[in-house]
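Raw entry01.csv, CSV, C-alpha atoms and all ligand atoms:
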```csv
chain,number,residue,atom,x,y,z
M,1286,MET,CA,-93.2,103.3,-109.6
M,1287,LYS,CA,-92.7,106.3,-107.4
M,1288,ILE,CA,-95.6,107.3,-105.2
M,1289,LYS,CA,-96.1,110.9,-104.5
M,1290,PHE,CA,-97.3,111.7,-101.0
M,1291,TYR,CA,-99.2,114.9,-100.9
M,1292,ALA,CA,-99.3,115.6,-97.2
M,1293,PHE,CA,-101.1,118.9,-97.0
M,1294,LEU,CA,-104.8,119.5,-96.7
M,1295,LEU,CA,-104.6,123.1,-95.8
M,1296,PHE,CA,-105.5,125.2,-98.8
M,1297,ILE,CA,-104.5,128.8,-98.8
M,1298,PHE,CA,-105.9,130.7,-101.7
M,1299,SER,CA,-104.5,134.0,-102.6
M,1300,SER,CA,-107.0,136.4,-104.2
M,1301,VAL,CA,-104.9,138.1,-106.8
M,1302,ILE,CA,-104.1,135.3,-109.4
M,1303,TYR,CA,-107.7,134.6,-109.8
M,1304,THR,CA,-109.7,136.6,-112.4
M,1305,CYS,CA,-112.7,138.3,-111.0
M,1306,GLU,CA,-116.0,137.5,-112.8
M,1307,GLU,CA,-117.8,140.3,-111.1
M,1308,GLU,CA,-115.4,142.9,-112.4
M,1309,GLU,CA,-115.6,141.4,-115.9
M,1310,THR,CA,-119.4,141.9,-115.8
M,1311,GLN,CA,-119.0,145.5,-114.7
M,1312,ALA,CA,-116.4,146.2,-117.4
M,1313,GLU,CA,-118.8,145.2,-120.1
M,1314,ALA,CA,-120.0,148.8,-120.2
M,1315,ILE,CA,-116.7,149.5,-122.0
M,1316,PRO,CA,-116.1,147.0,-124.8
M,1317,PRO,CA,-112.8,145.2,-124.3
M,1318,ARG,CA,-110.0,145.9,-126.8
M,1319,ASP,CA,-109.4,143.6,-129.6
M,1320,ARG,CA,-107.2,140.7,-128.3
M,1321,ALA,CA,-105.0,140.3,-131.3
M,1322,GLU,CA,-104.3,144.0,-131.5
M,1323,GLN,CA,-103.5,144.2,-127.8
M,1324,GLN,CA,-101.2,141.2,-128.2
M,1325,LEU,CA,-99.1,143.1,-130.8
M,1326,SER,CA,-98.8,146.1,-128.5
M,1327,ASP,CA,-98.0,143.8,-125.5
M,1328,MET,CA,-95.2,142.0,-127.4
M,1329,ASP,CA,-93.6,145.4,-128.0
M,1330,THR,CA,-93.8,146.1,-124.3
M,1331,LEU,CA,-92.3,142.7,-123.3
M,1332,GLN,CA,-89.6,142.7,-125.9
M,1333,ASN,CA,-88.6,146.2,-124.9
M,1334,TYR,CA,-88.5,145.1,-121.2
M,1335,LEU,CA,-86.4,142.0,-122.1
M,1336,ASN,CA,-84.0,144.1,-124.1
M,1337,ASN,CA,-83.5,146.6,-121.3
M,1338,HIS,CA,-83.2,144.3,-118.3
M,1339,TYR,CA,-80.6,141.8,-117.1
M,1340,PHE,CA,-80.5,139.3,-114.3
M,1341,ASN,CA,-77.8,138.1,-111.9
M,1342,SER,CA,-77.0,134.9,-113.7
M,1343,GLY,CA,-73.5,134.6,-112.3
M,1344,ALA,CA,-74.6,135.0,-108.7
M,1345,ILE,CA,-77.3,132.4,-109.1
M,1346,GLU,CA,-74.9,129.9,-110.6
M,1347,ALA,CA,-72.5,130.5,-107.7
M,1348,LEU,CA,-75.1,129.9,-105.0
M,1349,SER,CA,-74.2,127.1,-102.6
M,1350,SER,CA,-77.8,126.3,-101.9
M,1351,TYR,CA,-80.8,125.7,-104.2
M,1352,PRO,CA,-82.0,128.9,-105.8
M,1353,GLN,CA,-85.0,130.7,-104.5
M,1354,ILE,CA,-87.1,133.4,-106.1
M,1355,SER,CA,-85.5,136.0,-103.7
M,1356,ASP,CA,-82.2,135.1,-105.3
M,1357,ILE,CA,-83.3,136.3,-108.8
M,1358,GLU,CA,-82.5,140.0,-109.2
M,1359,ILE,CA,-83.8,141.7,-112.4
M,1360,THR,CA,-82.3,145.1,-113.0
M,1361,GLU,CA,-82.9,147.7,-115.7
M,1362,LEU,CA,-80.0,148.4,-118.0
M,1363,VAL,CA,-79.8,152.2,-118.1
M,1364,GLU,CA,-79.2,153.7,-121.5
M,1365,GLY,CA,-75.4,154.0,-122.1
M,1366,GLU,CA,-74.6,151.5,-119.4
M,1367,THR,CA,-72.6,148.4,-120.3
M,1368,LEU,CA,-73.8,145.0,-119.1
M,1369,PRO,CA,-72.2,144.3,-115.7
M,1370,SER,CA,-70.1,141.2,-115.5
M,1371,GLY,CA,-71.8,138.2,-114.1
M,1372,THR,CA,-75.2,139.2,-115.5
M,1373,THR,CA,-77.2,138.2,-118.6
M,1374,LEU,CA,-79.5,140.3,-120.7
M,1375,LEU,CA,-83.0,138.8,-120.4
M,1376,ILE,CA,-83.6,138.8,-124.2
M,1377,ASP,CA,-80.6,136.5,-124.6
M,1378,VAL,CA,-81.8,133.8,-122.3
M,1379,VAL,CA,-85.6,133.8,-122.4
M,1380,GLU,CA,-87.6,131.3,-124.5
M,1381,GLU,CA,-90.4,132.5,-126.6
M,1382,LYS,CA,-93.4,130.2,-126.5
M,1383,GLN,CA,-96.8,130.1,-128.3
M,1384,THR,CA,-100.3,129.2,-127.2
M,1385,VAL,CA,-103.9,129.9,-128.2
M,1386,PHE,CA,-106.4,131.5,-125.8
M,1387,GLU,CA,-109.9,132.8,-126.8
M,1388,GLY,CA,-109.1,131.9,-130.4
M,1389,VAL,CA,-106.1,134.3,-130.4
M,1390,ASP,CA,-102.5,133.3,-131.0
M,1391,TYR,CA,-100.3,134.4,-128.1
M,1392,SER,CA,-96.6,134.5,-127.5
M,1393,TYR,CA,-95.0,134.8,-124.1
M,1394,PHE,CA,-91.6,134.4,-122.6
M,1395,ILE,CA,-90.0,132.1,-119.9
M,1396,LEU,CA,-86.7,132.4,-118.1
M,1397,THR,CA,-85.9,128.9,-116.7
M,1398,ILE,CA,-83.6,129.0,-113.7
M,1399,GLU,CA,-84.2,125.2,-113.0
M,1400,GLU,CA,-86.8,123.0,-114.6
M,1401,GLY,CA,-87.1,121.0,-111.4
M,1402,GLN,CA,-86.6,117.3,-110.8
M,1403,GLY,CA,-90.1,116.1,-109.7
M,1404,GLU,CA,-93.0,115.8,-112.0
M,1405,HIS,CA,-95.0,118.0,-114.3
M,1406,PRO,CA,-98.4,119.0,-113.0
M,1407,HIS,CA,-101.3,118.9,-115.4
M,1408,PHE,CA,-103.0,122.1,-116.4
M,1409,THR,CA,-106.0,121.3,-114.2
M,1410,ASP,CA,-104.1,120.3,-111.1
M,1411,GLN,CA,-103.6,122.0,-107.8
M,1412,VAL,CA,-100.1,123.4,-107.4
M,1413,ARG,CA,-98.2,124.7,-104.4
M,1414,VAL,CA,-96.0,127.7,-105.3
M,1415,ASN,CA,-94.1,130.6,-104.0
M,1416,TYR,CA,-94.3,133.6,-106.3
M,1417,GLU,CA,-93.8,137.3,-106.8
M,1418,GLY,CA,-95.7,139.3,-109.3
M,1419,PHE,CA,-94.6,142.6,-110.7
M,1420,LEU,CA,-95.2,145.0,-113.6
M,1421,THR,CA,-92.9,146.1,-116.4
M,1422,ASN,CA,-92.0,149.2,-114.3
M,1423,ASN,CA,-90.7,146.6,-111.8
M,1424,ALA,CA,-93.3,147.6,-109.1
M,1425,THR,CA,-94.4,144.5,-107.2
M,1426,PHE,CA,-98.2,144.0,-107.0
M,1427,ASP,CA,-98.4,140.7,-105.2
M,1428,ASN,CA,-96.2,138.1,-103.6
M,1429,SER,CA,-96.7,135.0,-101.5
M,1430,VAL,CA,-95.3,135.3,-98.0
M,1431,THR,CA,-95.4,131.5,-97.6
M,1432,SER,CA,-96.2,128.8,-100.1
M,1433,VAL,CA,-99.7,129.0,-101.4
M,1434,ASP,CA,-102.0,126.4,-103.2
M,1435,PHE,CA,-103.8,127.2,-106.4
M,1436,ASP,CA,-106.3,125.2,-108.4
M,1437,LEU,CA,-105.2,125.7,-111.9
M,1438,ALA,CA,-108.7,124.7,-113.1
M,1439,GLY,CA,-110.1,127.6,-111.1
M,1440,ASN,CA,-110.5,131.1,-112.3
M,1441,ILE,CA,-106.8,131.5,-112.7
M,1442,ILE,CA,-105.0,133.7,-115.3
M,1443,PRO,CA,-104.4,131.6,-118.4
M,1444,GLY,CA,-100.6,132.2,-118.3
M,1445,TRP,CA,-100.3,130.1,-115.2
M,1446,ASN,CA,-102.0,126.9,-116.3
M,1447,ARG,CA,-100.0,127.0,-119.5
M,1448,ILE,CA,-96.6,127.7,-118.0
M,1449,LEU,CA,-96.5,125.9,-114.6
M,1450,PRO,CA,-97.1,122.5,-116.3
M,1451,GLN,CA,-93.9,123.1,-118.3
M,1452,PHE,CA,-91.9,123.0,-115.1
M,1453,LYS,CA,-91.5,120.2,-112.6
M,1454,THR,CA,-92.2,120.0,-108.9
M,1455,SER,CA,-89.8,119.3,-106.1
M,1456,ASP,CA,-88.6,115.7,-105.7
M,1457,ALA,CA,-87.3,116.1,-102.2
M,1458,TYR,CA,-88.8,117.8,-99.3
M,1459,VAL,CA,-88.7,117.5,-95.5
M,1460,THR,CA,-91.1,118.6,-92.9
M,1461,ASN,CA,-89.3,120.6,-90.2
M,1462,SER,CA,-90.0,120.2,-86.5
M,1463,ASP,CA,-92.0,123.5,-86.6
M,1464,GLY,CA,-94.3,122.1,-89.3
M,1465,THR,CA,-92.8,124.1,-92.1
M,1466,VAL,CA,-91.7,122.3,-95.2
M,1467,HIS,CA,-88.3,122.6,-96.9
M,1468,TYR,CA,-88.3,121.9,-100.6
M,1469,GLU,CA,-85.4,121.1,-102.9
M,1470,ASN,CA,-85.0,120.6,-106.7
M,1471,TYR,CA,-88.3,122.4,-107.6
M,1472,GLY,CA,-88.9,124.2,-110.8
M,1473,ILE,CA,-88.0,127.9,-110.6
M,1474,GLY,CA,-88.2,130.6,-113.2
M,1475,VAL,CA,-89.8,133.8,-114.4
M,1476,MET,CA,-92.7,134.2,-116.7
M,1477,PHE,CA,-93.3,137.3,-118.9
M,1478,LEU,CA,-97.0,137.5,-119.8
M,1479,PRO,CA,-98.9,139.6,-122.3
M,1480,SER,CA,-102.1,141.1,-120.8
M,1481,GLY,CA,-104.2,138.6,-122.8
M,1482,LEU,CA,-102.7,135.8,-120.7
M,1483,ALA,CA,-103.1,137.8,-117.6
M,1484,TYR,CA,-106.1,139.9,-116.6
M,1485,PHE,CA,-106.6,141.7,-119.9
M,1486,ASN,CA,-109.4,144.3,-119.3
M,1487,ALA,CA,-110.5,143.0,-115.9
M,1488,PRO,CA,-107.6,143.3,-113.4
M,1489,PRO,CA,-108.0,143.3,-109.6
M,1490,PRO,CA,-107.4,146.5,-107.7
M,1491,GLY,CA,-103.9,147.8,-108.0
M,1492,ILE,CA,-103.3,146.7,-111.5
M,1493,SER,CA,-104.2,148.7,-114.6
M,1494,SER,CA,-106.2,147.2,-117.4
M,1495,TYR,CA,-104.1,145.6,-120.2
M,1496,SER,CA,-101.0,145.3,-118.0
M,1497,CYS,CA,-98.3,142.8,-119.0
M,1498,LEU,CA,-97.3,140.9,-115.9
M,1499,ILE,CA,-94.1,139.2,-114.8
M,1500,PHE,CA,-94.0,136.4,-112.2
M,1501,LYS,CA,-91.0,134.8,-110.5
M,1502,PHE,CA,-92.1,131.4,-109.2
M,1503,GLU,CA,-91.1,128.3,-107.5
M,1504,LEU,CA,-93.2,125.2,-108.3
M,1505,GLN,CA,-93.1,123.0,-105.2
M,1506,GLN,CA,-95.8,120.4,-105.3
M,1507,TYR,CA,-98.9,119.4,-107.2
M,1508,LYS,CA,-101.9,117.2,-106.7
M,1509,VAL,CA,-103.9,115.7,-109.5
M,1510,MET,CA,-107.5,117.0,-109.3
M,1511,ASP,CA,-110.7,115.2,-110.1
M,1512,HIS,CA,-113.2,118.0,-109.5
M,1513,ASP,CA,-116.3,115.8,-109.8
M,1514,ASN,CA,-114.9,112.7,-108.1
M,1515,ASP,CA,-115.9,110.5,-110.9
M,1516,TYR,CA,-112.5,108.8,-111.2
M,1517,ILE,CA,-111.7,110.7,-114.4
M,1518,PRO,CA,-109.0,113.3,-113.6
M,1519,SER,CA,-110.0,116.7,-114.7
M,1520,TYR,CA,-107.1,117.0,-117.3
M,1521,MET,CA,-108.6,113.9,-119.0
M,1522,GLU,CA,-112.0,115.6,-119.2
M,1523,ASP,CA,-110.6,118.2,-121.7
M,1524,LEU,CA,-111.7,115.9,-124.6
M,1525,ASP,CA,-110.7,118.3,-127.3
M,1526,ALA,CA,-107.3,119.0,-125.6
M,1527,ASP,CA,-107.6,122.8,-126.1
M,1528,LEU,CA,-106.6,123.5,-122.4
M,1529,ASP,CA,-110.2,124.6,-121.7
M,1530,ILE,CA,-112.2,122.2,-119.6
M,1531,TYR,CA,-115.3,124.4,-119.6
M,1532,ASN,CA,-116.1,123.7,-123.3
M,1533,ASP,CA,-116.3,119.9,-123.1
M,1534,ASP,CA,-119.9,118.8,-122.5
M,1535,THR,CA,-120.5,115.3,-124.0
M,1536,ASP,CA,-124.2,115.2,-123.2
M,1537,ALA,CA,-124.9,118.9,-123.8
M,1538,ASP,CA,-126.5,119.3,-120.4
M,1539,LEU,CA,-124.7,122.6,-119.8
M,1540,VAL,CA,-122.5,121.0,-117.1
M,1541,SER,CA,-118.9,120.7,-118.3
M,1542,ASN,CA,-117.6,117.2,-118.1
M,1543,PHE,CA,-115.1,117.9,-115.4
M,1544,LEU,CA,-118.0,118.8,-113.2
M,1545,ASP,CA,-120.5,116.3,-114.6
M,1546,THR,CA,-120.8,112.9,-112.7
M,1547,ASP,CA,-122.7,111.4,-115.7
M,1548,ASP,CA,-120.7,112.6,-118.6
M,1549,ASP,CA,-122.7,110.9,-121.4
M,1550,GLY,CA,-126.1,111.5,-119.7
M,1551,ASP,CA,-127.2,107.9,-120.0
M,1552,GLY,CA,-128.4,107.7,-116.4
M,1553,PHE,CA,-125.4,105.7,-115.2
M,1554,SER,CA,-122.8,107.6,-113.2
M,1555,THR,CA,-119.3,107.8,-114.8
M,1556,PHE,CA,-117.7,106.1,-111.9
M,1557,ARG,CA,-119.9,103.0,-112.6
M,1558,GLU,CA,-118.9,102.9,-116.2
M,1559,VAL,CA,-115.3,102.3,-115.6
M,1560,ILE,CA,-113.6,99.4,-113.8
M,1561,ALA,CA,-112.2,100.4,-110.5
M,1562,LEU,CA,-109.8,98.2,-108.5
M,1563,ASP,CA,-108.9,99.5,-105.0
M,1564,LEU,CA,-105.5,98.8,-103.7
M,1565,THR,CA,-104.7,99.3,-100.0
M,1566,ASP,CA,-101.7,98.8,-97.8
M,1567,THR,CA,-100.3,99.9,-94.4
M,1568,SER,CA,-97.1,101.1,-96.0
M,1569,LEU,CA,-96.2,103.0,-99.1
M,1570,GLU,CA,-93.6,100.4,-100.0
M,1571,GLY,CA,-96.3,97.7,-99.8
M,1572,LEU,CA,-98.7,99.7,-101.9
M,1573,SER,CA,-96.0,100.4,-104.4
M,1574,ALA,CA,-95.3,96.7,-104.8
M,1575,GLN,CA,-99.0,96.0,-105.4
M,1576,MET,CA,-99.0,98.7,-108.1
M,1577,GLN,CA,-95.9,97.4,-109.8
M,1578,ALA,CA,-97.7,94.1,-110.3
M,1579,PHE,CA,-100.0,96.0,-112.8
M,1580,GLU,CA,-97.1,97.6,-114.7
M,1581,PRO,CA,-96.9,98.4,-117.5
M,1582,LEU,CA,-100.4,99.9,-117.5
M,1583,GLY,CA,-102.4,99.7,-120.7
M,1584,SER,CA,-103.3,102.9,-122.6
M,1585,ASP,CA,-106.8,102.6,-121.1
M,1586,GLN,CA,-105.5,102.4,-117.5
M,1587,PHE,CA,-104.3,104.8,-114.9
M,1588,PHE,CA,-104.0,105.1,-111.1
M,1589,THR,CA,-106.0,107.7,-109.1
M,1590,PRO,CA,-104.1,109.9,-106.7
M,1591,LEU,CA,-102.9,108.4,-103.4
M,1592,ILE,CA,-105.2,108.7,-100.4
M,1593,THR,CA,-103.9,108.5,-96.9
M,1594,ALA,CA,-106.6,107.5,-94.4
M,1595,ASP,CA,-106.8,108.7,-90.8
M,1596,ASP,CA,-105.6,105.2,-89.6
M,1597,GLY,CA,-102.4,105.6,-91.7
M,1598,THR,CA,-103.3,103.2,-94.5
M,1599,PHE,CA,-102.6,104.1,-98.0
M,1600,SER,CA,-104.9,103.4,-100.9
M,1601,ILE,CA,-105.0,104.0,-104.6
M,1602,THR,CA,-107.4,102.9,-107.3
M,1603,LEU,CA,-106.5,101.3,-110.7
M,1604,ILE,CA,-109.0,102.6,-113.3
M,1605,THR,CA,-109.6,100.8,-116.5
M,1606,LEU,CA,-111.7,102.5,-119.1
M,1607,GLU,CA,-114.0,100.1,-120.8
M,1608,ASP,CA,-115.1,100.3,-124.4
M,1609,THR,CA,-117.5,97.4,-124.7
M,1610,ASN,CA,-118.7,98.0,-128.2
M,1611,GLY,CA,-115.1,98.7,-129.4
M,1612,ASN,CA,-116.0,101.9,-131.2
M,1613,GLY,CA,-113.0,103.7,-129.7
M,1614,ILE,CA,-115.1,105.8,-127.3
M,1615,PRO,CA,-114.9,104.7,-123.7
M,1616,ASN,CA,-118.3,103.8,-122.1
M,1617,TYR,CA,-118.4,106.7,-119.8
M,1618,ILE,CA,-118.7,109.1,-122.7
M,1619,ASP,CA,-120.6,106.8,-125.0
M,1620,ALA,CA,-124.3,106.9,-124.2
M,1621,ASP,CA,-124.8,103.7,-126.2
M,1622,ASP,CA,-122.4,101.7,-124.1
M,1623,THR,CA,-122.6,101.0,-120.4
M,1624,GLY,CA,-120.4,98.0,-119.8
M,1625,THR,CA,-120.3,95.9,-116.7
M,1626,LEU,CA,-121.5,98.4,-114.1
M,1627,ASP,CA,-119.7,96.4,-111.5
M,1628,ASN,CA,-119.1,99.0,-108.9
A,1701,CA,CA,-113.6,114.0,-113.2
A,1702,CA,CA,-111.7,121.5,-124.0
A,1703,CA,CA,-117.0,114.0,-115.4
A,1704,CA,CA,-122.9,107.7,-117.9
```
Represent the structure from my file as structure tokens, please.
Ligand SMILES: [Ca+2]
Ligand SMILES: [Ca+2]
Ligand SMILES: [Ca+2]
Ligand SMILES: [Ca+2]
Amino acid sequence: MKIKFYAFLLFIFSSVIYTCEEEETQAEAIPPRDRAEQQLSDMDTLQNYLNNHYFNSGAIEALSSYPQISDIEITELVEGETLPSGTTLLIDVVEEKQTVFEGVDYSYFILTIEEGQGEHPHFTDQVRVNYEGFLTNNATFDNSVTSVDFDLAGNIIPGWNRILPQFKTSDAYVTNSDGTVHYENYGIGVMFLPSGLAYFNAPPPGISSYSCLIFKFELQQYKVMDHDNDYIPSYMEDLDADLDIYNDDTDADLVSNFLDTDDDGDGFSTFREVIALDLTDTSLEGLSAQMQAFEPLGSDQFFTPLITADDGTFSITLITLEDTNGNGIPNYIDADDTGTLDN
């Protein structure tokens, strides 16, 4: 069992990746375009771009150090020009993927430089990334100067929380003497998004409505998020597994489960309706040994994210979901079932 130590508490949120509710309200005066029709048009735009641009595949392969987004150079293939040696036309290397958003079938494209050797974040986790965003005319509209943290469960463009979990984080990083962190073996790639998986009709200033967006990105770290601190990680609160955590509301109290501390509305807090066993140790190795004693975990068990206390001790909690009446629904989302309530 490998323990991930997420050492950073400073959250730097960039404004651009988040969609803006206020602008969406203002934009209601003009009805948004039909999503399915816009997707057809955007696929033309993206395919055209991928057919007319290449990247420096040979130079990246020849790098002596781990690739960074600044190493990825995408260049337009001018009409009549032959493909330069050591380059690859984007359409020949990208993967086309599908997803559903707002009930509409979407396709998008990914160029994988390296998948990464750490772990896959969940679609509701916090991620630390470096990125550069640009338009299909290759004009850059945003980029991170240093690594930034994003809550994928926040008001983020839907392309991000679908694509970043397909990559892995870094498995090796060191903190330099000046406090900066050097990462290795992270996931690195480029995503090509139709407007429907980006800002659609409500972009921030500097981006036109219905713009297809392209992002180079490095996925450095992640942290499992439990937004309501009820022991159930937010990705598990997407009960219908549709990548939307806002439409899951077991007790229909208009508070989505990932923000609801009593998910089934039975008057008992969710954290009391599961069995929680705290494990603590002064070393990561010691904690890891304690955790291994419980392996393999049952399908109804999981560990919460690691917590490092001010005094340097490490702790983690083993959660077991109880289903007292055996109806297949864990107690915390079964209003007829409370279980032991032992914490
Ligand atoms: Ca939760
Ligand atoms: Ca859902
Ligand atoms: Ca909850
Ligand atoms: Ca409850």
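Here CA of Leu1482 (chain M) and CA of Pro1443 (chain M) stand 5.1 Å from one another.
The smallest atom-to-atom distance between Ser1541 (chain M) and any of M:Ser1370, M:Ser1519, M:Ser1455, M:Thr1609, using all atoms listed in the file, is found for M:Ser1519.
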key: One-decimal distance in Å that lies between CA of Met1476 (chain M) and CA of Ser1392 (chain M)   = 11.5 Å
Contacts of ligand CA 1702 (chain A), 8 Å or closer, all atoms listed in the file, given as a PDB file with C-alpha atoms, in the frame of the given file:
```
ATOM      1  CA  GLU M1522    -112.000 115.600-119.200  1.00  0.00           C
ATOM      2  CA  ASP M1523    -110.600 118.200-121.700  1.00  0.00           C
ATOM      3  CA  LEU M1524    -111.700 115.900-124.600  1.00  0.00           C
ATOM      4  CA  ASP M1525    -110.700 118.300-127.300  1.00  0.00           C
ATOM      5  CA  ALA M1526    -107.300 119.000-125.600  1.00  0.00           C
ATOM      6  CA  ASP M1527    -107.600 122.800-126.100  1.00  0.00           C
ATOM      7  CA  LEU M1528    -106.600 123.500-122.400  1.00  0.00           C
ATOM      8  CA  ASP M1529    -110.200 124.600-121.700  1.00  0.00           C
ATOM      9  CA  ILE M1530    -112.200 122.200-119.600  1.00  0.00           C
ATOM     10  CA  TYR M1531    -115.300 124.400-119.600  1.00  0.00           C
ATOM     11  CA  ASN M1532    -116.100 123.700-123.300  1.00  0.00           C
ATOM     12  CA  ASP M1533    -116.300 119.900-123.100  1.00  0.00           C
TER      13      ASP M1533
END
```
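Taking all atoms listed in the file into account, every polymer residue with at least one atom at most 8 Å away from ligand CA 1704 (chain A) is listed here: M:Thr1546, M:Asp1547, M:Asp1548, M:Asp1549, M:Gly1550, M:Asp1551, M:Gly1552, M:Phe1553, M:Ser1554, M:Thr1555, M:Arg1557, M:Glu1558, M:Asn1616, M:Tyr1617, M:Ile1618, M:Asp1619, M:Ala1620, M:Thr1623.
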Write the residues you've just listed into a file as a PDB file, in the coordinates of the input, and include C-alpha atoms for each of them.
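The resulting result_10.pdb:
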```pdb
ATOM      1  CA  THR M1546    -120.800 112.900-112.700  1.00  0.00           C
ATOM      2  CA  ASP M1547    -122.700 111.400-115.700  1.00  0.00           C
ATOM      3  CA  ASP M1548    -120.700 112.600-118.600  1.00  0.00           C
ATOM      4  CA  ASP M1549    -122.700 110.900-121.400  1.00  0.00           C
ATOM      5  CA  GLY M1550    -126.100 111.500-119.700  1.00  0.00           C
ATOM      6  CA  ASP M1551    -127.200 107.900-120.000  1.00  0.00           C
ATOM      7  CA  GLY M1552    -128.400 107.700-116.400  1.00  0.00           C
ATOM      8  CA  PHE M1553    -125.400 105.700-115.200  1.00  0.00           C
ATOM      9  CA  SER M1554    -122.800 107.600-113.200  1.00  0.00           C
ATOM     10  CA  THR M1555    -119.300 107.800-114.800  1.00  0.00           C
ATOM     11  CA  ARG M1557    -119.900 103.000-112.600  1.00  0.00           C
ATOM     12  CA  GLU M1558    -118.900 102.900-116.200  1.00  0.00           C
ATOM     13  CA  ASN M1616    -118.300 103.800-122.100  1.00  0.00           C
ATOM     14  CA  TYR M1617    -118.400 106.700-119.800  1.00  0.00           C
ATOM     15  CA  ILE M1618    -118.700 109.100-122.700  1.00  0.00           C
ATOM     16  CA  ASP M1619    -120.600 106.800-125.000  1.00  0.00           C
ATOM     17  CA  ALA M1620    -124.300 106.900-124.200  1.00  0.00           C
ATOM     18  CA  THR M1623    -122.600 101.000-120.400  1.00  0.00           C
TER      19      THR M1623
END
```
query = Taking only C-alpha atoms and all ligand atoms into account, which residues are within 6 Å of ligand CA 1701 (chain A), as a PyMOL selection string?
reply = chain M and resi 1511-1519+1543
Missing atoms in region 1504-1516 of chain M should be modelled up to N, CA and C atoms and reported as a short mmCIF file (atom, residue, chain, number, x, y, z; two decimals), in the frame of the given file.
```
data_model
loop_
_atom_site.label_atom_id
_atom_site.label_comp_id
_atom_site.auth_asym_id
_atom_site.auth_seq_id
_atom_site.Cartn_x
_atom_site.Cartn_y
_atom_site.Cartn_z
N LEU M 1504 -92.16 126.21 -108.23
CA LEU M 1504 -93.20 125.20 -108.30
C LEU M 1504 -92.84 124.06 -107.36
N GLN M 1505 -93.53 123.96 -106.23
CA GLN M 1505 -93.10 123.00 -105.20
C GLN M 1505 -93.75 121.68 -105.24
N GLN M 1506 -95.06 121.67 -105.35
CA GLN M 1506 -95.80 120.40 -105.30
C GLN M 1506 -97.01 120.49 -106.20
N TYR M 1507 -97.60 119.36 -106.45
CA TYR M 1507 -98.90 119.40 -107.20
C TYR M 1507 -99.72 118.20 -106.70
N LYS M 1508 -100.98 118.27 -107.01
CA LYS M 1508 -101.90 117.20 -106.70
C LYS M 1508 -102.89 117.09 -107.85
N VAL M 1509 -103.03 115.90 -108.36
CA VAL M 1509 -103.90 115.70 -109.50
C VAL M 1509 -105.37 115.92 -108.99
N MET M 1510 -106.12 116.71 -109.71
CA MET M 1510 -107.50 117.00 -109.30
C MET M 1510 -108.51 116.28 -110.13
N ASP M 1511 -109.53 115.78 -109.45
CA ASP M 1511 -110.70 115.20 -110.10
C ASP M 1511 -111.90 115.91 -109.47
N HIS M 1512 -112.27 117.03 -110.09
CA HIS M 1512 -113.20 118.00 -109.50
C HIS M 1512 -114.57 117.36 -109.17
N ASP M 1513 -115.01 116.41 -110.01
CA ASP M 1513 -116.30 115.80 -109.80
C ASP M 1513 -116.25 114.42 -109.16
N ASN M 1514 -115.04 114.02 -108.76
CA ASN M 1514 -114.90 112.70 -108.10
C ASN M 1514 -115.50 111.56 -108.84
N ASP M 1515 -115.34 111.57 -110.15
CA ASP M 1515 -115.90 110.50 -110.90
C ASP M 1515 -114.87 109.50 -111.44
N TYR M 1516 -113.67 109.59 -110.87
CA TYR M 1516 -112.50 108.80 -111.20
C TYR M 1516 -111.77 109.27 -112.46
#
```
